[in-house]
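Chemist: What follows is query_14.txt, made up of compact mmCIF, C-alpha atoms:
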```txt
# COMPACT_ATOMS: atom_id res chain seq x y z
CA MET W 1125 0.00 0.00 0.00
CA SER W 1126 1.19 3.51 -0.87
CA THR W 1127 1.39 5.98 2.02
CA PRO W 1128 0.42 9.50 0.88
CA ALA W 1129 2.87 12.30 1.59
CA PRO W 1130 2.85 13.49 5.22
CA LEU W 1131 0.88 16.67 5.83
CA ARG W 1132 2.95 19.81 6.32
CA PRO W 1133 1.99 23.30 7.59
CA GLY W 1134 0.39 25.26 4.78
CA ASP W 1135 -0.79 22.19 2.87
CA ALA W 1136 -4.20 22.44 1.22
CA ILE W 1137 -7.02 20.20 2.43
CA ALA W 1138 -10.14 19.97 0.30
CA ILE W 1139 -13.57 19.76 1.94
CA LEU W 1140 -16.41 18.15 0.02
CA SER W 1141 -19.71 16.32 0.44
CA PRO W 1142 -19.65 13.04 -1.51
CA ALA W 1143 -22.93 11.74 -0.09
CA THR W 1144 -25.71 13.35 1.97
CA GLU W 1145 -26.08 17.09 2.56
CA ILE W 1146 -24.39 18.63 5.59
CA LYS W 1147 -25.21 21.54 7.86
CA SER W 1148 -23.34 24.69 6.84
CA GLU W 1149 -22.19 25.33 10.40
CA TYR W 1150 -20.17 22.10 10.32
CA ILE W 1151 -18.45 23.18 7.12
CA ASP W 1152 -17.72 26.58 8.66
CA GLY W 1153 -16.41 24.91 11.81
CA ALA W 1154 -14.19 22.51 9.89
CA ILE W 1155 -12.74 25.36 7.81
CA ALA W 1156 -11.98 27.35 10.96
CA GLU W 1157 -10.31 24.36 12.58
CA LEU W 1158 -8.18 23.57 9.54
CA LYS W 1159 -6.99 27.18 9.48
CA ARG W 1160 -6.23 27.06 13.20
CA ARG W 1161 -4.08 23.99 12.60
CA GLY W 1162 -2.13 25.78 9.89
CA TYR W 1163 -3.69 24.24 6.79
CA GLU W 1164 -5.29 25.88 3.78
CA PRO W 1165 -8.90 24.70 3.45
CA ILE W 1166 -10.34 24.52 -0.06
CA GLU W 1167 -14.12 24.25 -0.11
CA MET W 1168 -15.19 22.44 -3.26
CA PRO W 1169 -18.06 24.04 -5.26
CA PHE W 1170 -20.82 21.62 -4.22
CA THR W 1171 -19.77 21.03 -0.61
CA ARG W 1172 -22.86 22.87 0.69
CA GLY W 1173 -24.78 21.58 -2.29
CA HIS W 1174 -28.32 22.38 -3.20
CA GLU W 1175 -29.87 19.36 -1.46
CA TYR W 1176 -30.69 17.19 -4.46
CA GLY W 1177 -33.14 14.99 -2.55
CA ILE W 1178 -31.18 13.51 0.34
CA PHE W 1179 -27.89 14.12 -1.49
CA ALA W 1180 -25.65 17.16 -1.21
CA ALA W 1181 -25.82 17.56 -5.00
CA THR W 1182 -26.30 15.45 -8.12
CA ASP W 1183 -24.08 12.43 -8.75
CA ARG W 1184 -22.25 14.32 -11.48
CA GLU W 1185 -21.62 17.36 -9.28
CA ARG W 1186 -20.41 15.33 -6.29
CA LEU W 1187 -18.15 13.29 -8.56
CA ALA W 1188 -16.78 16.47 -10.16
CA ASP W 1189 -15.84 17.81 -6.72
CA LEU W 1190 -14.12 14.57 -5.72
CA LYS W 1191 -12.26 14.17 -8.99
CA ALA W 1192 -11.10 17.79 -8.96
CA ALA W 1193 -9.79 17.42 -5.41
CA ILE W 1194 -7.96 14.20 -6.31
CA GLU W 1195 -6.33 15.73 -9.37
CA ASN W 1196 -5.43 19.10 -7.82
CA PRO W 1197 -1.69 18.85 -7.03
CA ARG W 1198 -2.04 21.46 -4.27
CA VAL W 1199 -4.50 19.30 -2.35
CA LYS W 1200 -2.75 16.85 0.00
CA ALA W 1201 -5.83 15.50 1.81
CA ILE W 1202 -9.60 15.31 1.29
CA LEU W 1203 -11.92 15.82 4.25
CA CYS W 1204 -15.41 14.44 3.65
CA GLY W 1205 -18.09 16.53 5.33
CA ARG W 1206 -20.28 13.62 6.38
CA GLY W 1207 -21.52 10.21 5.30
CA GLY W 1208 -25.19 9.31 4.93
CA TYR W 1209 -25.66 7.69 1.52
CA GLY W 1210 -24.40 8.26 -1.99
CA CYS W 1211 -20.69 7.43 -2.23
CA VAL W 1212 -21.44 4.21 -4.11
CA HIS W 1213 -22.69 6.35 -7.01
CA LEU W 1214 -19.19 7.75 -7.48
CA LEU W 1215 -17.26 4.49 -7.82
CA SER W 1216 -15.63 3.80 -11.17
CA ARG W 1217 -12.46 2.36 -12.66
CA GLU W 1218 -11.59 5.84 -13.90
CA LEU W 1219 -11.77 7.31 -10.40
CA GLN W 1220 -9.69 4.45 -9.00
CA GLU W 1221 -7.00 5.06 -11.60
CA SER W 1222 -7.01 8.76 -10.71
CA VAL W 1223 -6.42 7.90 -7.03
CA SER W 1224 -3.56 5.58 -8.00
CA ARG W 1225 -1.93 8.37 -10.02
CA ASN W 1226 -2.51 10.99 -7.31
CA PRO W 1227 -2.17 9.28 -3.91
CA LYS W 1228 -3.48 11.50 -1.14
CA TRP W 1229 -5.32 11.06 2.13
CA ILE W 1230 -9.09 10.79 2.28
CA ILE W 1231 -10.75 11.24 5.68
CA GLY W 1232 -14.13 9.92 6.79
CA PHE W 1233 -16.23 6.95 7.91
CA SER W 1234 -19.74 5.48 7.63
CA ASP W 1235 -20.84 5.82 3.97
CA ILE W 1236 -17.29 6.98 3.17
CA SER W 1237 -16.39 3.29 3.55
CA ALA W 1238 -17.23 2.94 -0.15
CA LEU W 1239 -14.46 5.42 -0.96
CA HIS W 1240 -12.08 3.68 1.45
CA ALA W 1241 -12.75 0.52 -0.55
CA LEU W 1242 -11.85 2.34 -3.76
CA TRP W 1243 -8.68 3.72 -2.13
CA GLN W 1244 -7.84 0.16 -1.05
CA LYS W 1245 -8.16 -1.15 -4.58
CA ALA W 1246 -6.11 1.81 -5.80
CA GLY W 1247 -3.37 0.73 -3.38
CA VAL W 1248 -3.46 3.91 -1.26
CA GLN W 1249 -3.83 4.26 2.51
CA SER W 1250 -6.71 6.30 3.94
CA VAL W 1251 -7.93 7.62 7.29
CA HIS W 1252 -11.07 6.13 8.84
CA SER W 1253 -12.25 8.73 11.34
CA SER W 1254 -14.87 11.29 12.26
CA MET W 1255 -15.33 14.29 9.96
CA ALA W 1256 -16.48 17.92 9.92
CA LYS W 1257 -18.88 17.61 12.86
CA GLN W 1258 -16.06 16.34 15.09
CA LEU W 1259 -13.75 19.16 14.00
CA THR W 1260 -16.51 21.69 14.72
CA LEU W 1261 -17.79 20.42 18.08
CA HIS W 1262 -14.59 18.90 19.52
CA PRO W 1263 -11.65 20.76 17.93
CA LEU W 1264 -9.38 20.34 20.97
CA ASP W 1265 -10.23 16.69 21.61
CA SER W 1266 -7.34 14.20 21.63
CA LEU W 1267 -9.12 12.09 19.03
CA THR W 1268 -9.30 15.13 16.73
CA ASP W 1269 -5.56 15.55 17.22
CA GLY W 1270 -5.21 11.86 16.38
CA ILE W 1271 -6.83 12.31 12.98
CA PHE W 1272 -4.13 14.75 11.94
CA MET W 1273 -1.29 12.88 13.62
CA LEU W 1274 -2.00 9.86 11.43
CA MET W 1275 -1.33 12.05 8.38
CA GLU W 1276 1.35 14.33 9.79
CA LYS W 1277 3.49 11.50 11.19
CA PRO W 1278 2.41 8.31 9.40
CA GLU W 1279 5.62 6.57 10.42
CA GLU W 1280 4.96 6.88 14.18
CA GLU W 1281 3.37 3.99 16.05
CA VAL W 1282 -0.10 4.59 17.47
CA ARG W 1283 -1.32 2.41 20.33
CA TYR W 1284 -4.90 1.94 21.50
CA THR W 1285 -5.78 -0.10 24.59
CA THR W 1286 -9.39 -0.83 25.53
CA PRO W 1287 -11.40 -3.40 27.47
CA ALA W 1288 -12.41 -6.46 25.44
CA ILE W 1289 -16.09 -7.21 25.91
CA GLU W 1290 -17.03 -10.71 27.07
CA GLY W 1291 -17.12 -13.02 24.07
CA SER W 1292 -13.90 -11.69 22.55
CA ILE W 1293 -11.40 -14.34 21.43
CA GLU W 1294 -7.88 -14.10 22.83
CA GLY W 1295 -4.85 -14.21 20.58
CA GLU W 1296 -2.42 -12.14 18.54
CA ALA W 1297 -2.57 -11.15 14.87
CA GLU W 1298 -0.66 -8.88 12.53
CA GLY W 1299 -1.56 -7.63 9.06
CA GLU W 1300 -2.89 -4.70 7.05
CA LEU W 1301 -5.99 -3.07 8.52
CA VAL W 1302 -9.08 -2.97 6.32
CA GLY W 1303 -12.81 -2.50 6.87
CA GLY W 1304 -15.42 0.08 7.76
CA ASN W 1305 -19.20 0.16 7.75
CA LEU W 1306 -20.58 -3.37 7.44
CA ALA W 1307 -23.72 -2.52 5.45
CA VAL W 1308 -21.85 -0.30 3.00
CA LEU W 1309 -19.06 -2.81 2.39
CA ASN W 1310 -21.48 -5.73 2.21
CA GLY W 1311 -23.29 -3.84 -0.54
CA LEU W 1312 -20.11 -3.92 -2.63
CA ALA W 1313 -20.02 -7.73 -2.77
CA ALA W 1314 -19.02 -9.13 -6.18
CA THR W 1315 -18.04 -5.67 -7.47
CA PRO W 1316 -14.50 -4.51 -8.30
CA TRP W 1317 -14.47 -2.78 -4.87
CA ASP W 1318 -15.35 -5.83 -2.79
CA ILE W 1319 -12.83 -5.73 0.05
CA LEU W 1320 -14.71 -8.33 2.12
CA SER W 1321 -13.97 -11.23 -0.23
CA PRO W 1322 -11.86 -14.03 1.28
CA ASP W 1323 -9.12 -13.50 -1.31
CA TYR W 1324 -8.78 -9.84 -0.38
CA LEU W 1325 -9.04 -10.38 3.38
CA ARG W 1326 -6.54 -13.22 3.59
CA GLY W 1327 -3.91 -12.29 6.16
CA LYS W 1328 -5.50 -8.90 6.94
CA VAL W 1329 -7.04 -7.53 10.13
CA LEU W 1330 -10.70 -6.72 9.48
CA PHE W 1331 -12.70 -4.09 11.37
CA LEU W 1332 -16.46 -3.55 11.14
CA GLU W 1333 -19.01 -1.14 12.62
CA ASP W 1334 -22.58 -0.06 11.90
CA VAL W 1335 -25.51 2.07 12.99
CA GLY W 1336 -29.27 1.60 12.88
CA GLU W 1337 -29.13 -2.03 11.71
CA LYS W 1338 -31.26 -4.58 13.56
CA ILE W 1339 -29.56 -7.55 15.17
CA TYR W 1340 -30.91 -9.99 12.60
CA GLN W 1341 -29.78 -7.73 9.75
CA VAL W 1342 -26.21 -7.68 11.05
CA GLU W 1343 -26.38 -11.44 11.60
CA ARG W 1344 -27.49 -11.94 8.01
CA MET W 1345 -24.56 -9.91 6.67
CA LEU W 1346 -22.09 -11.74 8.90
CA LYS W 1347 -23.56 -15.06 7.81
CA ARG W 1348 -22.86 -14.14 4.20
CA LEU W 1349 -19.25 -13.43 5.12
CA GLN W 1350 -19.03 -16.75 6.96
CA LEU W 1351 -20.50 -18.65 4.01
CA ALA W 1352 -18.08 -16.92 1.65
CA GLY W 1353 -15.10 -17.85 3.83
CA SER W 1354 -14.22 -14.24 4.58
CA LEU W 1355 -14.25 -14.56 8.37
CA ASP W 1356 -11.94 -17.57 8.22
CA ALA W 1357 -9.58 -15.71 5.87
CA ALA W 1358 -9.00 -12.73 8.19
CA ALA W 1359 -5.96 -12.82 10.47
CA GLY W 1360 -7.93 -11.00 13.15
CA ILE W 1361 -11.28 -9.23 13.51
CA VAL W 1362 -12.11 -5.98 15.30
CA PHE W 1363 -15.81 -5.48 15.88
CA GLY W 1364 -16.40 -1.80 16.57
CA ARG W 1365 -19.57 -0.33 18.02
CA PHE W 1366 -23.01 -1.20 16.67
CA THR W 1367 -25.36 1.56 17.73
CA ASP W 1368 -29.03 2.65 17.50
CA TYR W 1369 -30.66 -0.78 17.62
CA ASN W 1370 -32.91 -2.67 20.03
CA ALA W 1371 -32.61 -6.06 21.70
CA ASP W 1372 -34.82 -8.73 20.17
CA ARG W 1373 -36.31 -12.03 21.31
CA ASN W 1374 -33.16 -13.92 20.40
CA TYR W 1375 -30.38 -11.68 21.74
CA PRO W 1376 -30.04 -9.04 24.43
CA SER W 1377 -27.30 -7.26 22.50
CA MET W 1378 -25.40 -7.21 19.22
CA GLU W 1379 -22.28 -8.46 20.99
CA ALA W 1380 -24.17 -11.45 22.39
CA MET W 1381 -25.28 -12.39 18.88
CA ILE W 1382 -21.81 -11.96 17.40
CA SER W 1383 -20.16 -13.97 20.18
CA GLU W 1384 -22.62 -16.86 19.85
CA ARG W 1385 -22.34 -16.99 16.06
CA LEU W 1386 -18.53 -16.87 16.08
CA LYS W 1387 -18.48 -19.87 18.43
CA GLU W 1388 -21.02 -21.69 16.28
CA TRP W 1389 -19.00 -20.98 13.12
CA GLY W 1390 -15.74 -22.08 14.71
CA ILE W 1391 -13.88 -18.80 14.20
CA LYS W 1392 -10.42 -19.21 15.72
CA CYS W 1393 -8.62 -15.93 14.91
CA PRO W 1394 -8.31 -13.19 17.56
CA VAL W 1395 -11.54 -11.21 17.83
CA VAL W 1396 -12.31 -8.14 19.93
CA LEU W 1397 -15.87 -6.99 20.57
CA GLY W 1398 -16.87 -3.42 21.41
CA PHE W 1399 -13.76 -1.62 20.12
CA PRO W 1400 -14.30 2.19 20.03
CA ILE W 1401 -14.74 2.59 16.28
CA GLY W 1402 -18.11 3.63 14.87
CA HIS W 1403 -20.96 6.10 15.25
CA ILE W 1404 -19.87 7.20 18.72
CA ASP W 1405 -18.23 10.26 20.23
CA ASP W 1406 -15.01 8.35 20.91
CA ASN W 1407 -14.48 7.14 17.34
CA PHE W 1408 -10.83 6.08 17.29
CA PRO W 1409 -9.08 7.22 14.08
CA VAL W 1410 -7.16 4.50 12.23
CA THR W 1411 -5.27 4.20 8.95
CA GLU W 1412 -6.70 1.72 6.46
CA GLY W 1413 -4.04 -0.20 4.58
CA ARG W 1414 -1.52 0.25 7.40
CA ARG W 1415 0.06 -2.74 9.11
CA VAL W 1416 -1.28 -3.28 12.63
CA ARG W 1417 -0.81 -5.67 15.53
CA LEU W 1418 -3.85 -6.87 17.47
CA ILE W 1419 -3.38 -8.49 20.89
CA ILE W 1420 -6.31 -9.67 23.00
CA LYS W 1421 -5.53 -11.05 26.44
CA ASP W 1422 -7.01 -10.91 29.96
CA ALA W 1423 -10.13 -8.98 28.87
CA GLU W 1424 -7.99 -6.27 27.25
CA ALA W 1425 -7.41 -5.43 23.60
CA LYS W 1426 -4.37 -3.65 22.22
CA LEU W 1427 -4.35 -2.36 18.66
CA THR W 1428 -1.04 -0.92 17.48
CA LEU W 1429 -0.64 0.86 14.16
CA LEU W 1430 2.89 -0.07 13.18
```
The structure in this file should be written as structure tokens.
Modeler:
Amino acid sequence: MSTPAPLRPGDAIAILSPATEIKSEYIDGAIAELKRRGYEPIEMPFTRGHEYGIFAATDRERLADLKAAIENPRVKAILCGRGGYGCVHLLSRELQESVSRNPKWIIGFSDISALHALWQKAGVQSVHSSMAKQLTLHPLDSLTDGIFMLMEKPEEEVRYTTPAIEGSIEGEAEGELVGGNLAVLNGLAATPWDILSPDYLRGKVLFLEDVGEKIYQVERMLKRLQLAGSLDAAAGIVFGRFTDYNADRNYPSMEAMISERLKEWGIKCPVVLGFPIGHIDDNFPVTEGRRVRLIIKDAEAKLTLL
């Protein structure tokens, strides 16, 4: 995987909305924070959009913003305003080739997972993290600092230590980190941007998160991965937070379902449940495509970005 050039003071960072519309105050806040940190923000023409239905703008307009940011040599990173839905409309071989020719950071999560998948297939690392809302509401937060540290000093180790929820599987694994939003990535199955296939996941550390999906819906997606052999192919699995759902008659929690199914399916690789990645305030920033070490022991999980 290619590591984009480290960010330097004065570098330009493009802000755009590749999916759903975003509140203007979050764009304003992100611009102010980028300036405070010594960067030059470039707001792309359709970042505030004109609310084309649920989207920030039309497919063509959102794609034009993204492609222009990728191909602008002054731009060293691309900050997505928010997720929602719509990034899948932008995927193409042409865009992937453009990313390969112009490797630069892209920052985001949730629906942005579709773009992370494209960056993966282009062979370029990317930053899975919170976006404009985080920069606006929590500019001085250590996790906000962490987003930029991943790009400013990509060679420095980053260590996260958290409790491992009951049902986690002890062990140690090392490999490139790949993943994101389960529903978004599952929707890319059998496409050129399928990064959940067993061939692609072999030897990698997979991480998954989601929001608003019912327990049975997540179980159905995980069952597809188990049937495909993807869960067996991964060197290790990090289950982030699954939020905004209700218990059902089968399971009191998402973690209870995942733990039971993993045992039933005979998954042997190290697995941590409840890692702080997802639609939560403490959304740990990580670099996709970067080599990591995962250690789970004594109800504790350590994830080190090497």
Chemist: Please list as a VMD selection string every residue within 9 Å of W:Trp1243, counting all atoms listed in the file and excluding residues in the same chain fewer than 6 positions away.
Modeler: chain W and resid 1220 1223 to 1224 1227 1230 1249 to 1250
Chemist: Would you compute the distance between atom CA of W:Ala1313 and atom CA of W:Leu1355? Give it in Å to one decimal.
Modeler: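 Atom CA of W:Ala1313 sits 14.3 Å away from atom CA of W:Leu1355.
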Chemist: Quick one, how far is atom CA of W:Leu1429 from atom CA of W:Val1416?
Modeler: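 Between atom CA of W:Leu1429 and atom CA of W:Val1416 the gap works out to 4.5 Å.
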Chemist: Dig up all the protein and nucleic acid residues within 7 Å of (-32.7, -12.0, 18.9) in the file frame, using all atoms listed in the file, and format them as a list in words.
Modeler: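 Checking each residue against the 7 Å limit leaves Ile1339, Tyr1340, Ala1371, Asp1372, Arg1373, Asn1374, Tyr1375 and Pro1376 of chain W.
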Chemist: Neighbouring residues of W:Thr1171 were defined as those with any atom within 8 Å, considering only C-alpha atoms; residues of the same chain fewer than 5 positions away were excluded. Please report them as a list of chain:residue names.
Modeler: W:Ile1139, W:Leu1140, W:Ser1141, W:Ala1180, W:Asp1189, W:Gly1205
Chemist: Considering all atoms listed in the file, can you say which of W:Ala1380, W:Leu1346, W:Ile1293, W:Leu1242 comes closest to W:Pro1316?
Modeler: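 The answer is W:Leu1242, which sits nearest to W:Pro1316.
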Chemist: What are the nearest atom pairs, with distances in Å to one decimal, for all residues of stretch 1310-1352 of chain W that come at most 12 Å from stretch 1387-1400 of chain W, using only C-alpha atoms, set out by chain and rising residue number as a Markdown table?
Modeler:
```
| residue | atom | partner | partner_atom | distance |
| --- | --- | --- | --- | --- |
| W:Arg1326 | CA | W:Cys1393 | CA | 11.8 |
| W:Gly1327 | CA | W:Cys1393 | CA | 10.6 |
| W:Lys1328 | CA | W:Cys1393 | CA | 11.1 |
| W:Val1329 | CA | W:Pro1394 | CA | 9.4 |
| W:Leu1330 | CA | W:Val1395 | CA | 9.5 |
| W:Phe1331 | CA | W:Phe1399 | CA | 9.2 |
| W:Leu1332 | CA | W:Phe1399 | CA | 9.6 |
| W:Glu1333 | CA | W:Phe1399 | CA | 9.2 |
| W:Asp1334 | CA | W:Gly1398 | CA | 11.6 |
| W:Leu1346 | CA | W:Trp1389 | CA | 10.6 |
| W:Lys1347 | CA | W:Trp1389 | CA | 9.2 |
| W:Arg1348 | CA | W:Trp1389 | CA | 11.9 |
| W:Leu1349 | CA | W:Trp1389 | CA | 11.0 |
| W:Gln1350 | CA | W:Trp1389 | CA | 7.5 |
| W:Leu1351 | CA | W:Trp1389 | CA | 9.5 |
```
Chemist: How many Å separate atom CA of W:Met1275 from atom CA of W:Arg1184?
Modeler: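 Result for atom CA of W:Met1275 versus atom CA of W:Arg1184: 28.9 Å, one decimal.
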Chemist: Would you please work out which residue, of W:Thr1260, W:Ser1234, W:Ser1126, W:Thr1315, is nearest to W:Cys1211 when using only C-alpha atoms?
Modeler: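 Between W:Thr1260, W:Ser1234, W:Ser1126, W:Thr1315, the residue approaching W:Cys1211 most closely is W:Ser1234.
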Chemist: Quick one: everything within 7 Å of W:Ser1354, counting only C-alpha atoms, minus sequence neighbours fewer than 3 positions away in the same chain. Send it as an NGL selection string.
Modeler: :W and (1320-1322 or 1325 or 1349-1350 or 1357-1358)
Chemist: Find, counting only C-alpha atoms, the residue in W:Ile1404, W:Ala1156, W:Ile1178, W:Ile1137 that gets nearest to W:Ile1194.
Modeler: W:Ile1137
Chemist: Quick one: everything within 10 Å of W:Ala1143, counting only C-alpha atoms, minus sequence neighbours fewer than 4 positions away in the same chain. Send it as a ChimeraX atom specification.
Modeler: /W:1171,1178-1183,1186-1187,1204-1214,1235-1236
Chemist: Kindly indicate which residue among W:Arg1344, W:Arg1415, W:Lys1338, W:His1403 lies nearest to W:Arg1365, using only C-alpha atoms for the distances.
Modeler: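 Using only C-alpha atoms, W:Arg1365 sits closest to W:His1403.
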Chemist: Restricting the calculation to all atoms listed in the file: of W:Lys1191, W:Glu1298, W:Asp1152, W:Ala1136, which residue gets closest to W:Glu1164?
Modeler: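 Comparing W:Lys1191, W:Glu1298, W:Asp1152, W:Ala1136 against W:Glu1164, the winner is W:Ala1136.
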Chemist: With only C-alpha atoms as the counted atoms, please give the residues lying no more than 9 Å from W:Leu1309, apart from itself and same-chain residues fewer than 6 positions off, as a list in words.
Modeler: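 Close residues of W:Leu1309: Asp1235, Ser1237, Ala1238, Ala1241, Gly1303, Trp1317, Asp1318, Ile1319 and Leu1320 of chain W.
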Chemist: Up to 12 Å from (-1.7, 13.2, 17.2) in the file's coordinates: name the residues, counting only C-alpha atoms, as a tab-separated table (two decimals) with C-alpha atoms, in the coordinates of the input.
Modeler:
```tsv
chain	number	residue	atom	x	y	z
W	1161	ARG	CA	-4.08	23.99	12.60
W	1264	LEU	CA	-9.38	20.34	20.97
W	1265	ASP	CA	-10.23	16.69	21.61
W	1266	SER	CA	-7.34	14.20	21.63
W	1267	LEU	CA	-9.12	12.09	19.03
W	1268	THR	CA	-9.30	15.13	16.73
W	1269	ASP	CA	-5.56	15.55	17.22
W	1270	GLY	CA	-5.21	11.86	16.38
W	1271	ILE	CA	-6.83	12.31	12.98
W	1272	PHE	CA	-4.13	14.75	11.94
W	1273	MET	CA	-1.29	12.88	13.62
W	1274	LEU	CA	-2.00	9.86	11.43
W	1275	MET	CA	-1.33	12.05	8.38
W	1276	GLU	CA	1.35	14.33	9.79
W	1277	LYS	CA	3.49	11.50	11.19
W	1278	PRO	CA	2.41	8.31	9.40
W	1279	GLU	CA	5.62	6.57	10.42
W	1280	GLU	CA	4.96	6.88	14.18
W	1281	GLU	CA	3.37	3.99	16.05
W	1282	VAL	CA	-0.10	4.59	17.47
W	1283	ARG	CA	-1.32	2.41	20.33
W	1408	PHE	CA	-10.83	6.08	17.29
W	1409	PRO	CA	-9.08	7.22	14.08
W	1410	VAL	CA	-7.16	4.50	12.23
```
